[in-house]
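Next comes model_36.cif, with mmCIF, C-alpha atoms; chains and numbers go by the auth columns.
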data_work
#
loop_
_atom_site.group_PDB
_atom_site.id
_atom_site.type_symbol
_atom_site.label_atom_id
_atom_site.label_comp_id
_atom_site.label_asym_id
_atom_site.label_seq_id
_atom_site.Cartn_x
_atom_site.Cartn_y
_atom_site.Cartn_z
_atom_site.B_iso_or_equiv
_atom_site.auth_seq_id
_atom_site.auth_asym_id
ATOM 1 C CA GLU A 1 -16.280 13.476 -5.458 0.00 279 A
ATOM 2 C CA THR A 2 -16.870 17.242 -5.204 0.00 280 A
ATOM 3 C CA GLU A 3 -17.478 16.910 -1.465 0.00 281 A
ATOM 4 C CA LYS A 4 -14.179 15.070 -1.036 0.00 282 A
ATOM 5 C CA ILE A 5 -12.331 17.850 -2.882 0.00 283 A
ATOM 6 C CA ASP A 6 -14.031 20.502 -0.752 0.00 284 A
ATOM 7 C CA VAL A 7 -13.038 18.686 2.439 0.00 285 A
ATOM 8 C CA THR A 8 -9.432 18.440 1.257 0.00 286 A
ATOM 9 C CA ILE A 9 -9.300 22.133 0.384 0.00 287 A
ATOM 10 C CA GLN A 10 -10.827 23.058 3.723 0.00 288 A
ATOM 11 C CA ARG A 11 -8.281 20.881 5.557 0.00 289 A
ATOM 12 C CA ARG A 12 -5.375 22.465 3.689 0.00 290 A
ATOM 13 C CA ARG A 13 -6.641 25.980 4.433 0.00 291 A
ATOM 14 C CA SER A 14 -7.349 25.305 8.100 0.00 292 A
ATOM 15 C CA THR A 15 -3.735 25.928 9.055 0.00 293 A
ATOM 16 C CA ILE A 16 -3.620 29.372 7.378 0.00 294 A
ATOM 17 C CA GLU A 17 -7.160 30.629 7.876 0.00 295 A
ATOM 18 C CA PHE A 18 -5.944 33.226 10.372 0.00 296 A
ATOM 19 C CA LEU A 19 -3.544 34.826 7.893 0.00 297 A
ATOM 20 C CA ASP A 20 -4.067 38.151 6.143 0.00 298 A
ATOM 21 C CA PRO A 21 -3.730 38.216 2.301 0.00 299 A
ATOM 22 C CA GLU A 22 0.019 38.930 2.419 0.00 300 A
ATOM 23 C CA ASP A 23 0.706 36.101 4.842 0.00 301 A
ATOM 24 C CA GLU A 24 -1.516 33.711 2.893 0.00 302 A
ATOM 25 C CA ALA A 25 0.533 34.455 -0.214 0.00 303 A
ATOM 26 C CA PHE A 26 3.655 33.607 1.750 0.00 304 A
ATOM 27 C CA ALA A 27 2.177 30.264 2.804 0.00 305 A
ATOM 28 C CA GLU A 28 1.152 29.536 -0.780 0.00 306 A
ATOM 29 C CA HIS A 29 4.700 30.297 -1.888 0.00 307 A
ATOM 30 C CA LEU A 30 6.031 27.793 0.667 0.00 308 A
ATOM 31 C CA SER A 31 3.595 25.204 -0.623 0.00 309 A
ATOM 32 C CA ALA A 32 4.863 25.877 -4.147 0.00 310 A
ATOM 33 C CA ILE A 33 8.361 24.983 -2.984 0.00 311 A
ATOM 34 C CA PHE A 34 7.132 21.569 -1.843 0.00 312 A
ATOM 35 C CA ARG A 35 5.393 21.097 -5.212 0.00 313 A
ATOM 36 C CA GLY A 36 8.652 21.892 -6.976 0.00 314 A
ATOM 37 C CA ILE A 37 10.472 19.275 -4.924 0.00 315 A
ATOM 38 C CA ALA A 38 7.787 16.749 -5.821 0.00 316 A
ATOM 39 C CA ALA A 39 8.108 17.568 -9.523 0.00 317 A
ATOM 40 C CA ALA A 40 11.849 16.948 -9.360 0.00 318 A
ATOM 41 C CA THR A 41 11.204 13.689 -7.526 0.00 319 A
ATOM 42 C CA ARG A 42 8.745 12.543 -10.201 0.00 320 A
ATOM 43 C CA LYS A 43 11.290 13.320 -12.913 0.00 321 A
ATOM 44 C CA THR A 44 13.942 11.304 -11.087 0.00 322 A
ATOM 45 C CA ALA A 45 11.496 8.420 -10.646 0.00 323 A
ATOM 46 C CA MET A 46 10.728 8.420 -14.376 0.00 324 A
ATOM 47 C CA VAL A 47 14.425 8.178 -15.203 0.00 325 A
ATOM 48 C CA ALA A 48 14.853 5.360 -12.692 0.00 326 A
ATOM 49 C CA LYS A 49 11.906 3.523 -14.235 0.00 327 A
ATOM 50 C CA LYS A 50 13.465 3.706 -17.699 0.00 328 A
ATOM 51 C CA VAL A 51 16.741 2.376 -16.325 0.00 329 A
ATOM 52 C CA ALA A 52 14.943 -0.446 -14.511 0.00 330 A
ATOM 53 C CA ILE A 53 13.454 -1.619 -17.807 0.00 331 A
ATOM 54 C CA ALA A 54 16.958 -2.250 -19.124 0.00 332 A
ATOM 55 C CA LYS A 55 18.621 -5.610 -18.504 0.00 333 A
ATOM 56 C CA GLY A 56 21.988 -6.509 -17.074 0.00 334 A
ATOM 57 C CA PRO A 57 24.500 -4.662 -14.836 0.00 335 A
ATOM 58 C CA ALA A 58 23.010 -1.233 -15.584 0.00 336 A
ATOM 59 C CA THR A 59 19.825 -2.143 -13.738 0.00 337 A
ATOM 60 C CA LYS A 60 21.682 -3.416 -10.668 0.00 338 A
ATOM 61 C CA GLN A 61 23.863 -0.322 -10.695 0.00 339 A
ATOM 62 C CA ALA A 62 20.794 1.924 -10.755 0.00 340 A
ATOM 63 C CA VAL A 63 19.122 -0.022 -7.944 0.00 341 A
ATOM 64 C CA ARG A 64 22.323 0.093 -5.907 0.00 342 A
ATOM 65 C CA ALA A 65 22.625 3.866 -6.402 0.00 343 A
ATOM 66 C CA VAL A 66 19.078 4.379 -5.111 0.00 344 A
ATOM 67 C CA GLY A 67 19.554 2.017 -2.176 0.00 345 A
ATOM 68 C CA GLU A 68 22.816 3.647 -1.097 0.00 346 A
ATOM 69 C CA ASN A 69 21.251 7.110 -1.159 0.00 347 A
ATOM 70 C CA ARG A 70 20.134 6.933 2.467 0.00 348 A
ATOM 71 C CA PRO A 71 18.352 10.341 2.601 0.00 349 A
ATOM 72 C CA LEU A 72 15.783 9.087 0.066 0.00 350 A
ATOM 73 C CA ALA A 73 14.559 6.604 2.671 0.00 351 A
ATOM 74 C CA PHE A 74 13.526 9.535 4.853 0.00 352 A
ATOM 75 C CA ALA A 75 11.462 11.382 2.254 0.00 353 A
ATOM 76 C CA SER A 76 8.434 10.160 4.203 0.00 354 A
ATOM 77 C CA GLU A 77 9.639 12.091 7.267 0.00 355 A
ATOM 78 C CA GLY A 78 9.737 15.266 5.172 0.00 356 A
ATOM 79 C CA ALA A 79 6.194 14.499 4.028 0.00 357 A
ATOM 80 C CA VAL A 80 5.005 14.108 7.616 0.00 358 A
ATOM 81 C CA ALA A 81 6.679 17.395 8.525 0.00 359 A
ATOM 82 C CA GLY A 82 5.051 19.308 5.682 0.00 360 A
ATOM 83 C CA ASP A 83 1.722 17.479 5.759 0.00 361 A
ATOM 84 C CA ALA A 84 -0.291 20.596 6.577 0.00 362 A
ATOM 85 C CA MET A 85 1.038 22.534 3.591 0.00 363 A
ATOM 86 C CA ILE A 86 1.483 20.026 0.748 0.00 364 A
ATOM 87 C CA PRO A 87 -1.007 18.299 -1.574 0.00 365 A
ATOM 88 C CA ARG A 88 -1.880 14.661 -1.010 0.00 366 A
ATOM 89 C CA ILE A 89 -0.114 13.566 -4.187 0.00 367 A
ATOM 90 C CA ILE A 90 3.174 14.939 -2.862 0.00 368 A
ATOM 91 C CA TYR A 91 2.597 13.409 0.558 0.00 369 A
ATOM 92 C CA TYR A 92 1.977 9.914 -0.812 0.00 370 A
ATOM 93 C CA GLY A 93 4.673 10.360 -3.449 0.00 371 A
ATOM 94 C CA ALA A 94 7.256 10.959 -0.725 0.00 372 A
ATOM 95 C CA TRP A 95 6.167 7.787 1.058 0.00 373 A
ATOM 96 C CA CYS A 96 6.482 5.866 -2.212 0.00 374 A
ATOM 97 C CA LEU A 97 9.959 7.318 -2.694 0.00 375 A
ATOM 98 C CA SER A 98 10.950 6.115 0.781 0.00 376 A
ATOM 99 C CA GLY A 99 9.564 2.670 0.059 0.00 377 A
ATOM 100 C CA THR A 100 11.462 2.485 -3.229 0.00 378 A
ATOM 101 C CA ALA A 101 14.750 3.497 -1.588 0.00 379 A
ATOM 102 C CA ILE A 102 14.272 0.962 1.210 0.00 380 A
ATOM 103 C CA ALA A 103 13.400 -1.820 -1.249 0.00 381 A
ATOM 104 C CA ALA A 104 16.502 -0.964 -3.287 0.00 382 A
ATOM 105 C CA ASP A 105 18.684 -1.089 -0.176 0.00 383 A
ATOM 106 C CA ILE A 106 17.259 -4.463 0.859 0.00 384 A
ATOM 107 C CA TYR A 107 17.791 -5.884 -2.616 0.00 385 A
ATOM 108 C CA THR A 108 21.377 -4.579 -2.729 0.00 386 A
ATOM 109 C CA ARG A 109 22.202 -6.206 0.598 0.00 387 A
ATOM 110 C CA TYR A 110 20.547 -9.421 -0.557 0.00 388 A
ATOM 111 C CA ASP A 111 22.604 -9.350 -3.734 0.00 389 A
ATOM 112 C CA ASP A 112 25.864 -8.719 -1.827 0.00 390 A
ATOM 113 C CA ALA A 113 25.254 -11.390 0.813 0.00 391 A
ATOM 114 C CA PRO A 114 27.052 -14.737 0.543 0.00 392 A
ATOM 115 C CA GLU A 115 25.151 -17.779 -0.634 0.00 393 A
ATOM 116 C CA GLY A 116 23.245 -19.344 2.225 0.00 394 A
ATOM 117 C CA LEU A 117 22.649 -15.993 3.960 0.00 395 A
ATOM 118 C CA LYS A 118 20.820 -14.086 1.241 0.00 396 A
ATOM 119 C CA THR A 119 17.331 -14.798 2.588 0.00 397 A
ATOM 120 C CA ASN A 120 18.359 -14.088 6.185 0.00 398 A
ATOM 121 C CA THR A 121 19.995 -10.830 5.106 0.00 399 A
ATOM 122 C CA ALA A 122 16.832 -9.710 3.329 0.00 400 A
ATOM 123 C CA MET A 123 14.739 -10.674 6.359 0.00 401 A
ATOM 124 C CA TYR A 124 16.955 -8.700 8.737 0.00 402 A
ATOM 125 C CA TRP A 125 17.029 -5.483 6.705 0.00 403 A
ATOM 126 C CA THR A 126 13.298 -5.638 6.066 0.00 404 A
ATOM 127 C CA ALA A 127 12.693 -5.994 9.797 0.00 405 A
ATOM 128 C CA PHE A 128 15.135 -3.141 10.425 0.00 406 A
ATOM 129 C CA HIS A 129 13.850 -0.634 7.881 0.00 407 A
ATOM 130 C CA ILE A 130 10.124 -0.879 8.619 0.00 408 A
ATOM 131 C CA PRO A 131 10.401 0.511 12.163 0.00 409 A
ATOM 132 C CA ALA A 132 13.704 2.433 11.908 0.00 410 A
ATOM 133 C CA SER A 133 13.201 4.132 8.544 0.00 411 A
ATOM 134 C CA LEU A 134 9.419 4.460 8.360 0.00 412 A
ATOM 135 C CA ILE A 135 7.248 3.994 11.431 0.00 413 A
ATOM 136 C CA ILE A 136 9.204 5.333 14.420 0.00 414 A
ATOM 137 C CA PRO A 137 10.697 8.501 12.847 0.00 415 A
ATOM 138 C CA ALA A 138 7.342 9.398 11.276 0.00 416 A
ATOM 139 C CA ALA A 139 5.539 8.932 14.607 0.00 417 A
ATOM 140 C CA ILE A 140 8.052 11.125 16.451 0.00 418 A
ATOM 141 C CA ILE A 141 7.960 13.879 13.828 0.00 419 A
ATOM 142 C CA HIS A 142 4.162 13.813 13.817 0.00 420 A
ATOM 143 C CA GLN A 143 4.230 14.431 17.568 0.00 421 A
ATOM 144 C CA VAL A 144 6.662 17.324 17.044 0.00 422 A
ATOM 145 C CA VAL A 145 4.218 18.913 14.602 0.00 423 A
ATOM 146 C CA HIS A 146 1.298 18.382 16.983 0.00 424 A
ATOM 147 C CA PHE A 147 3.156 19.765 20.005 0.00 425 A
ATOM 148 C CA THR A 148 4.516 22.811 18.158 0.00 426 A
ATOM 149 C CA ASP A 149 1.086 23.590 16.735 0.00 427 A
ATOM 150 C CA LYS A 150 -0.416 23.541 20.249 0.00 428 A
ATOM 151 C CA VAL A 151 2.317 25.886 21.460 0.00 429 A
ATOM 152 C CA VAL A 152 1.892 28.466 18.690 0.00 430 A
ATOM 153 C CA GLN A 153 -1.909 28.397 18.921 0.00 431 A
ATOM 154 C CA ASN A 154 -1.951 28.961 22.682 0.00 432 A
ATOM 155 C CA PRO A 155 -3.086 32.599 23.159 0.00 433 A
ATOM 156 C CA LYS A 156 -1.253 32.767 26.489 0.00 434 A
ATOM 157 C CA GLY A 157 1.870 30.872 25.436 0.00 435 A
ATOM 158 C CA ILE A 158 5.322 31.989 24.379 0.00 436 A
ATOM 159 C CA ALA A 159 4.186 32.408 20.776 0.00 437 A
ATOM 160 C CA LYS A 160 1.333 34.818 21.503 0.00 438 A
ATOM 161 C CA SER A 161 3.253 37.759 20.010 0.00 439 A
ATOM 162 C CA TRP A 162 4.602 35.907 16.993 0.00 440 A
ATOM 163 C CA PRO A 163 3.535 37.160 13.545 0.00 441 A
ATOM 164 C CA PRO A 164 0.850 35.035 11.841 0.00 442 A
ATOM 165 C CA ARG A 165 3.227 33.847 9.125 0.00 443 A
ATOM 166 C CA VAL A 166 5.698 32.581 11.731 0.00 444 A
ATOM 167 C CA LYS A 167 2.919 30.711 13.509 0.00 445 A
ATOM 168 C CA ALA A 168 1.920 29.084 10.226 0.00 446 A
ATOM 169 C CA VAL A 169 5.417 27.916 9.382 0.00 447 A
ATOM 170 C CA ALA A 170 6.668 27.070 12.896 0.00 448 A
ATOM 171 C CA PRO A 171 5.247 23.506 13.137 0.00 449 A
ATOM 172 C CA VAL A 172 6.641 22.582 9.717 0.00 450 A
ATOM 173 C CA ALA A 173 10.039 24.157 10.466 0.00 451 A
ATOM 174 C CA ALA A 174 10.264 22.440 13.853 0.00 452 A
ATOM 175 C CA ALA A 175 9.400 19.085 12.303 0.00 453 A
ATOM 176 C CA LEU A 176 11.957 19.470 9.509 0.00 454 A
ATOM 177 C CA LEU A 177 14.658 20.424 12.000 0.00 455 A
ATOM 178 C CA SER A 178 13.739 17.490 14.225 0.00 456 A
ATOM 179 C CA ILE A 179 14.650 15.093 11.411 0.00 457 A
ATOM 180 C CA ILE A 180 18.334 15.931 12.018 0.00 458 A
ATOM 181 C CA PRO A 181 18.529 14.410 15.531 0.00 459 A
ATOM 182 C CA VAL A 182 15.652 11.931 15.215 0.00 460 A
ATOM 183 C CA VAL A 183 16.873 9.930 12.221 0.00 461 A
ATOM 184 C CA PRO A 184 20.407 9.052 13.450 0.00 462 A
ATOM 185 C CA THR A 185 19.143 8.445 16.981 0.00 463 A
ATOM 186 C CA VAL A 186 16.482 5.986 15.833 0.00 464 A
ATOM 187 C CA ASP A 187 19.019 4.329 13.536 0.00 465 A
ATOM 188 C CA TYR A 188 21.512 3.894 16.359 0.00 466 A
ATOM 189 C CA VAL A 189 18.970 2.522 18.834 0.00 467 A
ATOM 190 C CA ALA A 190 17.547 0.114 16.243 0.00 468 A
ATOM 191 C CA GLU A 191 21.038 -1.139 15.421 0.00 469 A
ATOM 192 C CA ALA A 192 21.949 -1.550 19.096 0.00 470 A
ATOM 193 C CA VAL A 193 18.787 -3.567 19.729 0.00 471 A
ATOM 194 C CA MET A 194 18.516 -5.627 16.545 0.00 472 A
ATOM 195 C CA GLU A 195 22.108 -6.524 15.690 0.00 473 A
ATOM 196 C CA PRO A 196 22.803 -8.654 18.807 0.00 474 A
ATOM 197 C CA THR A 197 19.304 -10.132 18.790 0.00 475 A
ATOM 198 C CA LEU A 198 17.700 -10.726 15.406 0.00 476 A
ATOM 199 C CA GLY A 199 20.969 -10.287 13.525 0.00 477 A
ATOM 200 C CA SER A 200 22.717 -12.840 15.704 0.00 478 A
ATOM 201 C CA TYR A 201 19.781 -15.249 15.463 0.00 479 A
ATOM 202 C CA LEU A 202 19.913 -15.067 11.660 0.00 480 A
ATOM 203 C CA GLY A 203 23.651 -15.753 11.657 0.00 481 A
ATOM 204 C CA LEU A 204 24.775 -12.272 10.594 0.00 482 A
ATOM 205 C CA GLU A 205 27.788 -10.456 11.962 0.00 483 A
ATOM 206 C CA PHE A 206 28.219 -6.679 12.268 0.00 484 A
ATOM 207 C CA HIS A 207 31.601 -5.062 12.819 0.00 485 A
ATOM 208 C CA HIS A 208 30.301 -1.641 13.853 0.00 486 A
ATOM 209 C CA HIS A 209 27.069 0.297 14.377 0.00 487 A
ATOM 210 C CA HIS A 210 27.123 2.122 11.056 0.00 488 A
ATOM 211 C CA HIS A 211 25.386 -0.427 8.930 0.00 489 A
ATOM 212 C CA HIS A 212 25.169 1.796 5.898 0.00 490 A
ATOM 213 C CA ASP A 213 28.946 1.794 5.382 0.00 491 A
ATOM 214 C CA GLN A 214 29.566 -1.961 5.158 0.00 492 A
ATOM 215 C CA PRO A 215 27.400 -4.985 4.426 0.00 493 A
ATOM 216 C CA SER A 216 26.910 -7.584 7.115 0.00 494 A
ATOM 217 C CA LYS A 217 29.072 -10.664 7.015 0.00 495 A
ATOM 218 C CA PRO A 218 28.347 -14.243 8.057 0.00 496 A
ATOM 219 C CA LYS A 219 29.587 -15.533 11.356 0.00 497 A
ATOM 220 C CA GLU A 220 32.566 -17.795 11.093 0.00 498 A
ATOM 221 C CA SER A 221 32.021 -21.279 12.426 0.00 499 A
#

Go ahead and express the file in the form of structure tokens.
Amino acid sequence: ETEKIDVTIQRRRSTIEFLDPEDEAFAEHLSAIFRGIAAATRKTAMVAKKVAIAKGPATKQAVRAVGENRPLAFASEGAVAGDAMIPRIIYYGAWCLSGTAIAADIYTRYDDAPEGLKTNTAMYWTAFHIPASLIIPAAIIHQVVHFTDKVVQNPKGIAKSWPPRVKAVAPVAAALLSIIPVVPTVDYVAEAVMEPTLGSYLGLEFHHHHHHDQPSKPKES
């Protein structure tokens, strides 16, 4: 167990081992910010858990509120972006938060769907969210981190004169900024591909390519 802890600590410090004491303090401060976000997330999750224990409309309302809060589904992308500077518990907690938000969205759409299309609706949104909300954005952002890290570590590259603290933060900053174009782009492409294919096969109808504004409706016979 001690060896595992040592390996984890060594991995976390590998990205800032070139920093002087002042810069290392800066990196630690940035890590503290991520820990603060995780603490707030845990508090929110505890409140949601208490609400979920209750019965009746209050529970559905709470689930609906989580499912309609689209940014929660991309907490995992933030975790991938900050992977080098956050503890494992925060990393996995963000993925759990994404999974919870996605499950809540799927349940809400299932609940809103007309009788006879509830199962198909749940199947479609499950098939949509797994690649569009989890796998593809995370893979792209991971590549952004990897590419940026190679650029800043290249002694002959454009970042050779950058201060050490900038080099430490650059991959994380680039990954966080990449979420802005990556998420809507992946959403749009997934919608364009899946709505006329899987959605049509399952008997669902979509009136536009902004699926988070309106629920799908059944095709009229």

ask   = What is the distance between CA of Pro459 in chain A and CA of Glu346 in chain A, in Å to one decimal?
value = 20.3 Å

request  = Name the residues that the PyMOL selection byres ((chain A and resi 431) around 12) pulls out of this structure, and write them as a list in words.
outcome  =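 Expected selection for the PyMOL selection byres ((chain A and resi 431) around 12) here is Thr293, Ile294, Phe296, His424, Phe425, Thr426, Asp427, Lys428, Val429, Val430, Asn432, Pro433, Lys434, Gly435, Ile436, Ala437, Lys438, Ser439, Trp440, Pro441, Pro442, Val444, Lys445, Ala446, Ala448 and Pro449 of chain A.
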
Nearest to Phe484 in chain A by atom-to-atom distance, counting only C-alpha atoms, from A:Ser376, A:Val450, A:Thr399, A:Val464 =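 Between A:Ser376, A:Val450, A:Thr399, A:Val464, the residue approaching Phe484 in chain A most closely is A:Thr399.
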
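Of note, CA of Ile419 in chain A and CA of Ile368 in chain A are spaced 17.4 Å apart.
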
message = For a test of reading the model, state the distance in Å between CA of Ala362 in chain A and CA of Ile413 in chain A, rounded to one decimal.
response =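 About the pair CA of Ala362 in chain A and CA of Ile413 in chain A: they are 18.9 Å apart.
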
key: Expected selection from the PyMOL selection byres ((chain A and resi 382) around 7), given as a ChimeraX atom specification   = /A:341-342,344-345,378-381,383-386

Please, could you write that set of residues out with C-alpha atoms as a tab-separated table (two decimals), in the frame of the given file?
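As a result, selection-v2.tsv now contains:
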chain	number	residue	atom	x	y	z
A	341	VAL	CA	19.12	-0.02	-7.94
A	342	ARG	CA	22.32	0.09	-5.91
A	344	VAL	CA	19.08	4.38	-5.11
A	345	GLY	CA	19.55	2.02	-2.18
A	378	THR	CA	11.46	2.48	-3.23
A	379	ALA	CA	14.75	3.50	-1.59
A	380	ILE	CA	14.27	0.96	1.21
A	381	ALA	CA	13.40	-1.82	-1.25
A	383	ASP	CA	18.68	-1.09	-0.18
A	384	ILE	CA	17.26	-4.46	0.86
A	385	TYR	CA	17.79	-5.88	-2.62
A	386	THR	CA	21.38	-4.58	-2.73

Please, what is the axis-aligned box for every listed atom of range 477-484 of chain A with 6 Å on each side, as centre and edge lengths in Å to one decimal, as JSON?
{"center_x": 24.0, "center_y": -11.2, "center_z": 13.1, "size_x": 20.4, "size_y": 21.1, "size_z": 17.1}

request  = For the file shown, report as a ChimeraX atom specification the outcome of the PyMOL selection byres ((chain A and resi 395) around 10) at residue level.
outcome  = /A:388,390-394,396-401,480-482,494-496
